[in-house]
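Worksheet: one structure, shown below.
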Amino acid sequence: QVQLVESGGGMVQPGGSLRLSCAASGRSFSNNVMGWFRQTPGKEREYVAAISWSGGNTFYGSSVKGRFTISRDNAKNTVYLEMNDLKPEDTAIYYCCASAELREITIWTMNKDGYDYWGQGTQVTVSS
């Protein structure tokens, strides 16, 4: 059974930082695109970032570019999201995801339909 398990969420003050982790089990994703999305109540799931199988290519949503960094450790079957200069509007449930087939970032990997596996989500709250 494939599982993606996020951790590292929590509450932080504006301007602070958090690092999310997503550990995969049940199959290896070392040859697949992995990504992060986020969602707030009543809104569509929003694209945050994606990383190619090798880690050599990354792509960010416009609202997080320059503040967030996605990385991966294929030996640990884990993807990370380093979040800096957090703002109240970053408050959301953050979901890790993985593609079953795609290796490189394409326009399809900026859409939630481009992913086959999802974690249960971790809450990030940015508030003073």
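Naming scheme: A, B, ... for chains in displayed order of the structure tokens; residues 1 onward per chain; ligands 1 onward as shown.
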
Practice task
For Met83 of chain A, work out the shell of residues within 7 Å, counting only C-alpha atoms and skipping chain neighbours fewer than 3 positions away, then give it as a PyMOL selection string.
Solution key: chain A and resi 17-19+67-69+86

At a cut-off of 6 Å, using only C-alpha atoms, what residues contact segment 87-103 of chain A? Leave out same-chain residues fewer than 4 positions from it and give the result as a compact mmCIF listing (two decimals) with N, CA, C and O atoms, in the first residue's frame.
# COMPACT_ATOMS: atom_id res chain seq x y z
N PRO A 14 4.04 35.57 11.58
CA PRO A 14 4.42 36.14 10.28
C PRO A 14 5.91 36.44 10.23
O PRO A 14 6.49 36.94 11.21
N ASN A 31 12.05 8.04 -9.36
CA ASN A 31 11.98 8.32 -10.79
C ASN A 31 10.76 9.13 -11.19
O ASN A 31 10.42 9.21 -12.38
N ASN A 32 10.14 9.80 -10.21
CA ASN A 32 8.87 10.47 -10.47
C ASN A 32 8.85 11.90 -9.92
O ASN A 32 9.51 12.19 -8.92
N VAL A 33 8.04 12.72 -10.58
CA VAL A 33 7.79 14.06 -10.08
C VAL A 33 7.04 13.99 -8.76
O VAL A 33 6.12 13.17 -8.61
N MET A 34 7.43 14.86 -7.83
CA MET A 34 6.69 15.01 -6.58
C MET A 34 6.37 16.49 -6.40
O MET A 34 7.05 17.36 -6.97
N GLY A 35 5.34 16.77 -5.61
CA GLY A 35 4.94 18.16 -5.48
C GLY A 35 4.22 18.46 -4.18
O GLY A 35 4.00 17.58 -3.35
N TRP A 36 3.88 19.74 -4.04
CA TRP A 36 3.11 20.22 -2.90
C TRP A 36 1.97 21.12 -3.41
O TRP A 36 2.16 21.94 -4.32
N PHE A 37 0.81 20.93 -2.81
CA PHE A 37 -0.34 21.80 -3.02
C PHE A 37 -0.82 22.25 -1.65
O PHE A 37 -0.43 21.69 -0.62
N ARG A 38 -1.70 23.26 -1.65
CA ARG A 38 -2.31 23.68 -0.39
C ARG A 38 -3.77 24.04 -0.63
O ARG A 38 -4.17 24.34 -1.76
N GLN A 39 -4.52 24.00 0.46
CA GLN A 39 -5.96 24.26 0.33
C GLN A 39 -6.50 24.90 1.60
O GLN A 39 -6.12 24.53 2.71
N THR A 40 -7.39 25.88 1.39
CA THR A 40 -8.13 26.50 2.49
C THR A 40 -9.61 26.22 2.28
O THR A 40 -10.04 25.94 1.16
N SER A 52 11.39 17.69 -10.18
CA SER A 52 11.59 16.57 -11.08
C SER A 52 12.25 15.40 -10.37
O SER A 52 12.71 15.51 -9.23
N TRP A 53 12.30 14.28 -11.04
CA TRP A 53 12.79 13.04 -10.42
C TRP A 53 14.20 13.18 -9.87
O TRP A 53 14.52 12.63 -8.82
N TYR A 115 -1.28 14.21 -10.60
CA TYR A 115 -0.71 13.39 -9.53
C TYR A 115 -1.64 12.23 -9.18
O TYR A 115 -2.86 12.34 -9.23
N ASP A 116 -1.01 11.12 -8.80
CA ASP A 116 -1.75 9.89 -8.54
C ASP A 116 -1.84 9.54 -7.06
O ASP A 116 -2.72 8.78 -6.66
N TYR A 117 -0.91 10.06 -6.28
CA TYR A 117 -0.87 9.72 -4.86
C TYR A 117 -0.83 11.01 -4.04
O TYR A 117 -0.12 11.96 -4.41
N TRP A 118 -1.55 10.99 -2.92
CA TRP A 118 -1.66 12.17 -2.06
C TRP A 118 -1.51 11.78 -0.59
O TRP A 118 -1.93 10.69 -0.19
N GLY A 119 -0.91 12.69 0.16
CA GLY A 119 -0.87 12.53 1.60
C GLY A 119 -2.15 13.03 2.23
O GLY A 119 -3.04 13.55 1.56
N GLY A 121 -2.30 15.46 4.45
CA GLY A 121 -2.21 16.90 4.68
C GLY A 121 -1.68 17.24 6.06
O GLY A 121 -1.82 16.46 7.02
N THR A 122 -1.07 18.41 6.15
CA THR A 122 -0.60 18.93 7.42
C THR A 122 -0.96 20.41 7.50
O THR A 122 -0.80 21.16 6.53
N GLN A 123 -1.46 20.83 8.64
CA GLN A 123 -1.95 22.21 8.81
C GLN A 123 -0.78 23.15 9.07
O GLN A 123 0.07 22.90 9.93
N VAL A 124 -0.77 24.25 8.35
CA VAL A 124 0.16 25.36 8.59
C VAL A 124 -0.68 26.60 8.90
O VAL A 124 -1.54 26.97 8.11
N THR A 125 -0.41 27.21 10.04
CA THR A 125 -1.13 28.41 10.45
C THR A 125 -0.12 29.51 10.71
O THR A 125 0.80 29.34 11.51
N VAL A 126 -0.30 30.65 10.04
CA VAL A 126 0.58 31.80 10.21
C VAL A 126 -0.24 32.91 10.85
O VAL A 126 -1.16 33.46 10.22
N SER A 127 0.09 33.20 12.09
CA SER A 127 -0.71 34.17 12.84
C SER A 127 0.11 34.77 13.95
O SER A 127 0.97 34.11 14.54

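Of the listed residues (A:Glu6, A:Glu44, A:Asp73, A:Glu104), A:Asp73 comes nearest to Ser28 of chain A; the distances count only C-alpha atoms.
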
Exercise for the section: Check chain A with DSSP on the backbone and list each residue it calls strand (DSSP E or B), as a PyMOL selection string. Expected result: chain A and resi 3-7+10-12+18-25+34-39+46-51+58-60+68-73+78-83+92-98+117-118+122-126

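For the pair atom CA of Gly66 of chain A and atom CA of Gly16 of chain A, the separation is 14.5 Å.
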
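Residue nearest Ser71 of chain A, chosen from A:Ser54, A:Asn111, A:Asn84, A:Thr106 and counting only C-alpha atoms: A:Ser54.
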
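The closest residue to Gly114 of chain A, picked from A:Val64, A:Ala50, A:Leu4, A:Val79 and counting only C-alpha atoms, is A:Ala50.
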
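With distances restricted to only C-alpha atoms, A:Ala75 is the closest residue to Phe29 of chain A from A:Gly10, A:Arg45, A:Ser128, A:Ala75.
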
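You will find atom CA of Val2 of chain A at 22.3 Å from atom CA of Val48 of chain A.
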
Problem - Selected residue, from A:Asp85, A:Tyr60, A:Glu46, A:Lys65, that lies nearest to Gln13 of chain A when counting only C-alpha atoms - result: A:Asp85

Exercise for the section: Would you kindly return, as a list in words, each protein, DNA or RNA residue with an atom no farther than 7 Å from any atom of Leu20 of chain A, considering only C-alpha atoms and excluding same-chain residues fewer than 3 positions away? Expected result: Glu6, Ser7, Gly8, Gly9, Tyr80, Leu81 and Glu82 of chain A

Could the residues in this selection be saved with N, CA and C atoms as a JSON list (two decimals), in the first residue's frame?
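The new file part_4.json reads:
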[["chain", "number", "residue", "atom", "x", "y", "z"],
["A", 6, "GLU", "N", 2.88, 13.44, 5.53],
["A", 6, "GLU", "CA", 3.46, 14.76, 5.77],
["A", 6, "GLU", "C", 3.70, 14.98, 7.26],
["A", 7, "SER", "N", 4.68, 15.81, 7.55],
["A", 7, "SER", "CA", 4.95, 16.24, 8.92],
["A", 7, "SER", "C", 5.61, 17.61, 8.87],
["A", 8, "GLY", "N", 5.66, 18.26, 10.04],
["A", 8, "GLY", "CA", 6.34, 19.54, 10.14],
["A", 8, "GLY", "C", 5.43, 20.75, 10.17],
["A", 9, "GLY", "N", 4.14, 20.54, 10.01],
["A", 9, "GLY", "CA", 3.23, 21.68, 10.09],
["A", 9, "GLY", "C", 3.11, 22.21, 11.50],
["A", 80, "TYR", "N", 10.72, 17.58, 0.56],
["A", 80, "TYR", "CA", 10.67, 18.62, 1.59],
["A", 80, "TYR", "C", 10.14, 19.92, 1.00],
["A", 81, "LEU", "N", 9.61, 20.76, 1.88],
["A", 81, "LEU", "CA", 9.22, 22.11, 1.49],
["A", 81, "LEU", "C", 9.70, 23.06, 2.59],
["A", 82, "GLU", "N", 10.72, 23.83, 2.26],
["A", 82, "GLU", "CA", 11.23, 24.85, 3.18],
["A", 82, "GLU", "C", 10.45, 26.13, 2.92]]

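Remark: for Gln120 of chain A, the closest of the candidate residues A:Met11, A:Ser63, A:Asn57, A:Cys22 is A:Cys22 (distances computed over only C-alpha atoms).
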